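Engineer: This one is coords15.tsv, TSV, C-alpha atoms.
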```
chain	number	residue	atom	x	y	z
C	21	MET	CA	57.35	9.59	112.40
C	22	ASN	CA	60.30	7.70	110.89
C	23	LYS	CA	62.58	9.16	108.23
C	24	ILE	CA	60.88	7.37	105.31
C	25	MET	CA	57.45	8.64	106.35
C	26	LYS	CA	58.84	12.17	106.77
C	27	CYS	CA	60.34	12.08	103.26
C	28	LEU	CA	57.08	10.84	101.78
C	29	ALA	CA	55.20	13.61	103.56
C	30	ALA	CA	57.65	16.18	102.18
C	31	ALA	CA	57.22	14.80	98.66
C	32	ALA	CA	53.43	14.97	98.97
C	33	MET	CA	53.66	18.58	100.13
C	34	GLY	CA	55.86	19.35	97.13
C	35	VAL	CA	53.41	17.81	94.67
C	36	SER	CA	50.55	19.78	96.21
C	37	LEU	CA	52.56	22.98	95.98
C	38	LEU	CA	53.48	22.43	92.33
C	39	THR	CA	49.86	21.60	91.48
C	40	ALA	CA	48.64	24.78	93.16
C	41	LEU	CA	51.17	26.90	91.27
C	42	SER	CA	50.31	25.37	87.89
C	43	SER	CA	46.59	25.99	88.41
C	44	LYS	CA	46.89	29.52	89.80
C	45	ALA	CA	45.52	32.30	87.58
C	46	ASN	CA	48.21	34.68	86.35
C	47	SER	CA	47.70	37.91	84.40
C	48	VAL	CA	49.21	37.97	80.92
C	49	THR	CA	48.90	39.97	77.71
C	50	VAL	CA	47.71	38.13	74.60
C	51	GLN	CA	47.71	39.14	70.95
C	52	GLU	CA	46.46	36.86	68.19
C	53	LEU	CA	48.64	37.24	65.11
C	54	GLY	CA	46.66	34.92	62.87
C	55	VAL	CA	45.68	31.30	62.27
C	56	GLY	CA	47.80	28.85	60.33
C	57	PRO	CA	48.28	26.20	59.22
C	58	ASP	CA	44.51	25.98	58.89
C	59	GLU	CA	41.45	25.14	56.84
C	60	VAL	CA	38.14	26.97	56.54
C	61	VAL	CA	35.23	25.10	58.14
C	62	ASN	CA	31.57	25.91	58.38
C	63	ILE	CA	30.24	25.87	61.94
C	64	THR	CA	27.00	26.55	63.77
C	65	SER	CA	27.31	28.03	67.24
C	66	SER	CA	24.58	29.06	69.65
C	67	THR	CA	26.19	32.49	70.00
C	68	LEU	CA	27.92	33.04	66.65
C	69	GLY	CA	25.27	31.57	64.36
C	70	THR	CA	26.40	29.80	61.17
C	71	ALA	CA	29.68	31.04	59.71
C	72	ASN	CA	32.85	30.06	57.89
C	73	VAL	CA	35.80	30.16	60.30
C	74	TYR	CA	39.50	29.36	60.27
C	75	ALA	CA	40.30	26.10	62.07
C	76	GLY	CA	43.94	25.47	62.90
C	77	ILE	CA	46.86	26.64	64.99
C	78	ASN	CA	46.46	30.06	66.58
C	79	ASN	CA	49.67	32.07	66.42
C	80	LEU	CA	49.78	34.13	69.61
C	81	LEU	CA	52.01	36.48	71.54
C	82	VAL	CA	51.66	35.69	75.24
C	83	ASN	CA	53.49	38.32	77.27
C	84	GLY	CA	55.35	39.08	74.05
C	85	VAL	CA	56.50	35.47	73.55
C	86	ALA	CA	55.52	33.66	70.35
C	87	THR	CA	53.23	30.78	71.33
C	88	GLU	CA	51.16	28.28	69.36
C	89	GLY	CA	47.75	27.34	70.69
C	90	PHE	CA	44.24	26.31	69.78
C	91	CYS	CA	40.87	27.93	70.43
C	92	ILE	CA	38.79	26.35	73.22
C	93	ASP	CA	35.94	28.78	72.73
C	94	PRO	CA	33.62	28.25	69.74
C	95	PHE	CA	31.26	30.84	71.20
C	96	HIS	CA	33.26	34.10	70.83
C	97	TRP	CA	35.19	35.84	68.06
C	98	SER	CA	38.86	36.62	68.57
C	99	LEU	CA	39.87	40.21	69.31
C	100	THR	CA	42.52	42.31	67.60
C	101	GLY	CA	45.36	44.06	69.38
C	102	VAL	CA	46.95	43.35	72.75
C	103	GLN	CA	44.42	42.12	75.31
C	104	SER	CA	44.53	41.41	79.04
C	105	TYR	CA	44.05	37.69	79.74
C	106	ASN	CA	44.69	35.13	82.50
C	107	THR	CA	46.44	31.78	82.36
C	108	GLU	CA	44.94	29.09	84.58
C	109	ALA	CA	44.29	25.36	84.79
C	110	LEU	CA	42.82	24.04	81.55
C	111	SER	CA	39.86	22.58	83.45
C	112	LEU	CA	38.83	26.13	84.44
C	113	GLY	CA	38.43	27.32	80.85
C	114	PRO	CA	36.73	28.49	78.76
C	115	LYS	CA	34.77	31.38	80.24
C	116	THR	CA	31.78	30.74	77.99
C	117	PRO	CA	28.13	29.80	78.37
C	118	GLY	CA	28.16	26.42	80.10
C	119	GLY	CA	31.85	26.66	81.12
C	120	PRO	CA	34.22	25.73	82.60
C	121	MET	CA	34.92	22.42	80.87
C	122	GLY	CA	36.03	20.47	83.98
C	123	THR	CA	38.78	17.90	84.44
C	124	VAL	CA	37.38	15.13	82.23
C	125	LYS	CA	37.22	17.28	79.10
C	126	ALA	CA	40.52	18.95	79.96
C	127	THR	CA	42.20	15.55	80.12
C	128	GLU	CA	40.77	14.61	76.72
C	129	ILE	CA	42.20	17.79	75.18
C	130	GLU	CA	45.58	17.10	76.81
C	131	GLN	CA	45.54	13.59	75.34
C	132	LEU	CA	44.52	14.84	71.89
C	133	TRP	CA	47.34	17.40	71.97
C	134	ALA	CA	49.94	14.82	73.07
C	135	LYS	CA	48.83	12.43	70.30
C	136	TYR	CA	48.26	14.72	67.34
C	137	TYR	CA	49.93	18.11	67.82
C	138	SER	CA	53.10	18.92	65.91
C	139	ALA	CA	54.65	22.27	65.11
C	140	SER	CA	54.95	21.05	61.50
C	141	MET	CA	51.46	19.55	61.22
C	142	SER	CA	49.57	19.90	57.95
C	143	PRO	CA	46.67	22.33	57.54
C	144	GLN	CA	44.28	19.36	57.41
C	145	ASN	CA	45.58	17.83	60.65
C	146	ALA	CA	45.64	21.22	62.37
C	147	ALA	CA	42.02	21.80	61.35
C	148	GLY	CA	41.06	18.32	62.53
C	149	LEU	CA	42.65	18.85	65.94
C	150	GLN	CA	40.98	22.24	66.29
C	151	VAL	CA	37.57	20.81	65.43
C	152	ALA	CA	38.13	17.91	67.84
C	153	ILE	CA	38.91	20.38	70.63
C	154	TRP	CA	35.79	22.37	69.80
C	155	GLU	CA	33.75	19.17	69.86
C	156	VAL	CA	35.11	18.28	73.30
C	157	VAL	CA	34.27	21.73	74.68
C	158	GLY	CA	30.97	22.26	72.85
C	159	SER	CA	27.89	20.17	72.31
C	160	THR	CA	26.44	18.67	69.15
C	161	THR	CA	22.92	18.55	70.62
C	162	PHE	CA	20.61	21.35	69.56
C	163	ALA	CA	18.56	20.77	72.70
C	164	ASP	CA	21.52	22.25	74.57
C	165	PRO	CA	21.28	26.07	74.62
C	166	ASN	CA	25.10	26.26	74.35
C	167	TYR	CA	25.65	24.09	71.30
C	168	PHE	CA	28.31	23.80	68.64
C	169	LYS	CA	28.49	21.68	65.49
C	170	VAL	CA	30.48	21.46	62.27
C	171	ASN	CA	28.69	21.45	58.93
C	172	GLY	CA	30.56	19.41	56.33
C	173	SER	CA	34.09	18.04	56.60
C	174	ASP	CA	35.60	17.79	60.08
C	175	TYR	CA	39.10	17.05	58.68
C	176	GLY	CA	39.48	13.86	60.69
C	177	ALA	CA	38.24	15.19	64.02
C	178	SER	CA	35.80	12.31	64.44
C	179	LEU	CA	38.65	9.79	64.12
C	180	MET	CA	40.68	11.72	66.69
C	181	LEU	CA	37.74	11.70	69.10
C	182	THR	CA	37.21	7.98	68.57
C	183	TRP	CA	40.88	7.41	69.41
C	184	VAL	CA	40.72	9.43	72.63
C	185	ASN	CA	37.53	7.67	73.72
C	186	ASN	CA	39.20	4.29	73.14
C	187	ASN	CA	42.38	5.26	74.98
C	188	PRO	CA	41.37	6.75	78.35
C	189	GLY	CA	44.84	6.12	79.81
C	190	ALA	CA	46.75	7.82	76.99
C	191	PRO	CA	49.60	10.23	77.84
C	192	THR	CA	48.69	13.88	78.38
C	193	ALA	CA	50.34	17.16	77.45
C	194	ASN	CA	50.96	19.88	80.04
C	195	LEU	CA	48.57	22.65	79.00
C	196	LEU	CA	47.04	25.88	80.29
C	197	ALA	CA	43.83	27.74	79.53
C	198	VAL	CA	44.19	31.37	78.45
C	199	THR	CA	40.96	33.15	79.30
C	200	GLY	CA	39.91	36.73	78.70
C	201	PRO	CA	37.54	39.17	77.04
C	202	GLY	CA	37.44	37.46	73.64
C	203	GLN	CA	38.13	33.98	72.38
C	204	ASP	CA	39.80	31.66	74.91
C	205	TYR	CA	42.80	29.48	74.07
C	206	VAL	CA	44.77	26.43	75.17
C	207	ILE	CA	48.58	26.68	75.13
C	208	PRO	CA	51.48	24.58	76.40
C	209	VAL	CA	52.81	25.41	79.86
C	210	PRO	CA	55.77	27.73	79.13
C	211	ASP	CA	59.25	26.28	79.60
C	212	GLY	CA	60.76	29.54	80.81
C	213	GLY	CA	60.01	32.84	82.49
C	214	THR	CA	57.55	33.07	85.33
C	215	THR	CA	56.56	29.41	85.30
C	216	VAL	CA	60.13	28.19	85.73
C	217	MET	CA	60.78	30.78	88.41
C	218	LEU	CA	57.71	29.71	90.37
C	219	LEU	CA	58.48	26.02	89.98
C	220	GLY	CA	62.09	26.69	90.97
C	221	GLU	CA	60.94	28.41	94.14
C	222	ALA	CA	58.63	25.50	94.88
C	223	LEU	CA	61.35	22.93	94.32
C	224	CYS	CA	63.78	24.92	96.43
C	225	GLY	CA	61.25	25.02	99.25
C	226	LEU	CA	60.61	21.32	98.84
C	227	PHE	CA	64.36	20.59	99.02
C	228	ILE	CA	64.67	22.57	102.24
C	229	ILE	CA	61.65	20.82	103.78
C	230	ARG	CA	62.89	17.41	102.65
C	231	ARG	CA	66.39	18.09	103.97
C	232	LYS	CA	65.09	19.12	107.36
C	233	LEU	CA	62.66	16.21	107.64
C	234	CYS	CA	64.84	13.47	106.21
C	235	LEU	CA	67.91	14.39	108.23
C	236	SER	CA	66.14	14.88	111.54
```
What does the file become when written as structure tokens?

Structural biologist:
Amino acid sequence: MNKIMKCLAAAAMGVSLLTALSSKANSVTVQELGVGPDEVVNITSSTLGTANVYAGINNLLVNGVATEGFCIDPFHWSLTGVQSYNTEALSLGPKTPGGPMGTVKATEIEQLWAKYYSASMSPQNAAGLQVAIWEVVGSTTFADPNYFKVNGSDYGASLMLTWVNNNPGAPTANLLAVTGPGQDYVIPVPDGGTTVMLLGEALCGLFIIRRKLCLS
């Protein structure tokens, strides 16, 4: 094997390692502090019935770190207090009837987040993005035993879904599912802490492998 082929092989091994680390389930603590910015929407869920719920950004503490996320589980109520959860690949969430969502729906949520999410987004836009995420995860067909639908205004969610359907190659955000005993969430991959440590170890290992292969 020549040097170029060895370097390419090392790079491929590194990508596989990083992918495995990002999708590995890790235990975390989660506490929901509230929802906002948000709007109240009326939903019908196969498990929750018909109810008025807050749709918007979920303000969370994940391992004690303030984190903004959205609900990916229109089938369970959120829980109070500190709860034991797992972070894992978005495609593996939520842990609901009919789950997990799979890679196609996960990609759509990553595209919606990259296009529409902002830390300073308005309550209307936050509600629209939340409803769009629920629509991706749930079903609007009552023939489906695990269905979800919005009654009344969707705060622009339908326009967001039309955009994502018309832009299959749109950029994606780097997101994780947070799954546990109550409502499940989607959050950005953390920039620090355990994730950086794991990625640093992976990159260090990749550098050593690449150095050995490319210099041999």

Engineer: From the set C:Glu52, C:Asp204, C:Glu88, C:Asp58, which residue has the shortest atom-to-atom contact distance to Gly119 of chain C, counting only C-alpha atoms?

Structural biologist: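 Distance minimum relative to Gly119 of chain C lands on C:Asp204.
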
Engineer: For Cys91 of chain C, work out the shell of residues within 9 Å, counting all atoms listed in the file and skipping chain neighbours fewer than 3 positions away, then give it as an MDAnalysis selection string.

Structural biologist: chainID C and resid 75:78 94 150 153:154 203:206

Engineer: Go ahead and save the residues from that selection, with C-alpha atoms, as a PDB file, keeping the file's coordinate frame.

Structural biologist:
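Result written to result-v5.pdb:
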```pdb
ATOM      1  CA  ALA C  75      40.300  26.100  62.070  1.00  0.00           C
ATOM      2  CA  GLY C  76      43.940  25.470  62.900  1.00  0.00           C
ATOM      3  CA  ILE C  77      46.860  26.640  64.990  1.00  0.00           C
ATOM      4  CA  ASN C  78      46.460  30.060  66.580  1.00  0.00           C
ATOM      5  CA  PRO C  94      33.620  28.250  69.740  1.00  0.00           C
ATOM      6  CA  GLN C 150      40.980  22.240  66.290  1.00  0.00           C
ATOM      7  CA  ILE C 153      38.910  20.380  70.630  1.00  0.00           C
ATOM      8  CA  TRP C 154      35.790  22.370  69.800  1.00  0.00           C
ATOM      9  CA  GLN C 203      38.130  33.980  72.380  1.00  0.00           C
ATOM     10  CA  ASP C 204      39.800  31.660  74.910  1.00  0.00           C
ATOM     11  CA  TYR C 205      42.800  29.480  74.070  1.00  0.00           C
ATOM     12  CA  VAL C 206      44.770  26.430  75.170  1.00  0.00           C
TER      13      VAL C 206
END
```

Engineer: From the options C:Val50, C:Met121, C:Leu68, C:Val151, which residue's atoms come nearest to Trp97 of chain C, counting all atoms listed in the file?

Structural biologist: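 Going through C:Val50, C:Met121, C:Leu68, C:Val151 one by one, the smallest distance to Trp97 of chain C is for C:Leu68.
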
Engineer: With all atoms listed in the file as the basis for distance, which of C:Ser178, C:Asn166, C:Gln103, C:Asn171 is at the shortest distance from Leu132 of chain C?

Structural biologist: C:Ser178

Engineer: For a quick check of understanding, using all atoms listed in the file, which of C:Pro57, C:Thr70, C:Gly101, C:Asn46 has the smallest distance to Phe168 of chain C?

Structural biologist: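 Checking each candidate against Phe168 of chain C, we get C:Thr70 as the closest.
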
Engineer: Write out as a list in words which residues come within 8 Å of Ala190 of chain C when counting only C-alpha atoms, dropping same-chain ones fewer than 3 positions away.

Structural biologist: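 Those residues are Gln131, Val184 and Asn187 of chain C.
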
Engineer: May I ask which of the residues C:Val55, C:Ala163, C:Val124, C:Met180 is the closest one to Gly89 of chain C, counting only C-alpha atoms?

Structural biologist: C:Val55

Engineer: Nearest to Pro143 of chain C among C:Glu59, C:Thr87, C:Leu53, C:Lys115, with distances taken over all atoms listed in the file: which residue is it?

Structural biologist: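 Using all atoms listed in the file, Pro143 of chain C sits closest to C:Glu59.
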
Engineer: What gap, in Å, lies between atom CA of Glu108 of chain C and atom CA of Gln144 of chain C?

Structural biologist: 28.9 Å

Engineer: To box segment 162-171 of chain C, take all atoms listed in the file, fit an axis-aligned box, add 3 Å on each side, and give centre and edge lengths in Å to one decimal, as JSON.

Structural biologist:
```
{"center_x": 24.5, "center_y": 23.5, "center_z": 66.8, "size_x": 17.9, "size_y": 11.5, "size_z": 21.7}
```

Engineer: Suppose you want the space between atom CA of Ala134 of chain C and atom CA of Tyr167 of chain C; what is it in Å?

Structural biologist: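 Between these atoms lies a distance of 26.1 Å.
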
Engineer: As a JSON list (two decimals) with C-alpha atoms, keeping the file's coordinate frame, please: the residues near Tyr105 of chain C (cut-off 12 Å, only C-alpha atoms, same-chain neighbours under 5 positions excluded).

Structural biologist:
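Full text of out01.json as output:
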```json
[["chain", "number", "residue", "atom", "x", "y", "z"],
["C", 45, "ALA", "CA", 45.52, 32.30, 87.58],
["C", 46, "ASN", "CA", 48.21, 34.68, 86.35],
["C", 47, "SER", "CA", 47.70, 37.91, 84.40],
["C", 48, "VAL", "CA", 49.21, 37.97, 80.92],
["C", 49, "THR", "CA", 48.90, 39.97, 77.71],
["C", 50, "VAL", "CA", 47.71, 38.13, 74.60],
["C", 51, "GLN", "CA", 47.71, 39.14, 70.95],
["C", 52, "GLU", "CA", 46.46, 36.86, 68.19],
["C", 81, "LEU", "CA", 52.01, 36.48, 71.54],
["C", 82, "VAL", "CA", 51.66, 35.69, 75.24],
["C", 83, "ASN", "CA", 53.49, 38.32, 77.27],
["C", 99, "LEU", "CA", 39.87, 40.21, 69.31],
["C", 113, "GLY", "CA", 38.43, 27.32, 80.85],
["C", 114, "PRO", "CA", 36.73, 28.49, 78.76],
["C", 115, "LYS", "CA", 34.77, 31.38, 80.24],
["C", 197, "ALA", "CA", 43.83, 27.74, 79.53],
["C", 198, "VAL", "CA", 44.19, 31.37, 78.45],
["C", 199, "THR", "CA", 40.96, 33.15, 79.30],
["C", 200, "GLY", "CA", 39.91, 36.73, 78.70],
["C", 201, "PRO", "CA", 37.54, 39.17, 77.04],
["C", 202, "GLY", "CA", 37.44, 37.46, 73.64],
["C", 203, "GLN", "CA", 38.13, 33.98, 72.38],
["C", 204, "ASP", "CA", 39.80, 31.66, 74.91],
["C", 205, "TYR", "CA", 42.80, 29.48, 74.07]]
```

Engineer: Compile the contact shell of Thr127 of chain C as JSON, numbers by chain: residues with an atom at most 12 Å away, counting all atoms listed in the file, same-chain residues fewer than 6 positions apart removed.

Structural biologist: {"C": [109, 110, 111, 112, 121, 133, 134, 153, 156, 157, 184, 185, 187, 188, 189, 190, 191, 192, 193, 194, 195, 196]}

Engineer: Distance atom CA of Ala177 of chain C-atom CA of Asn145 of chain C, one decimal place?

Structural biologist: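 If I compute the distance from atom CA of Ala177 of chain C to atom CA of Asn145 of chain C, I get 8.5 Å.
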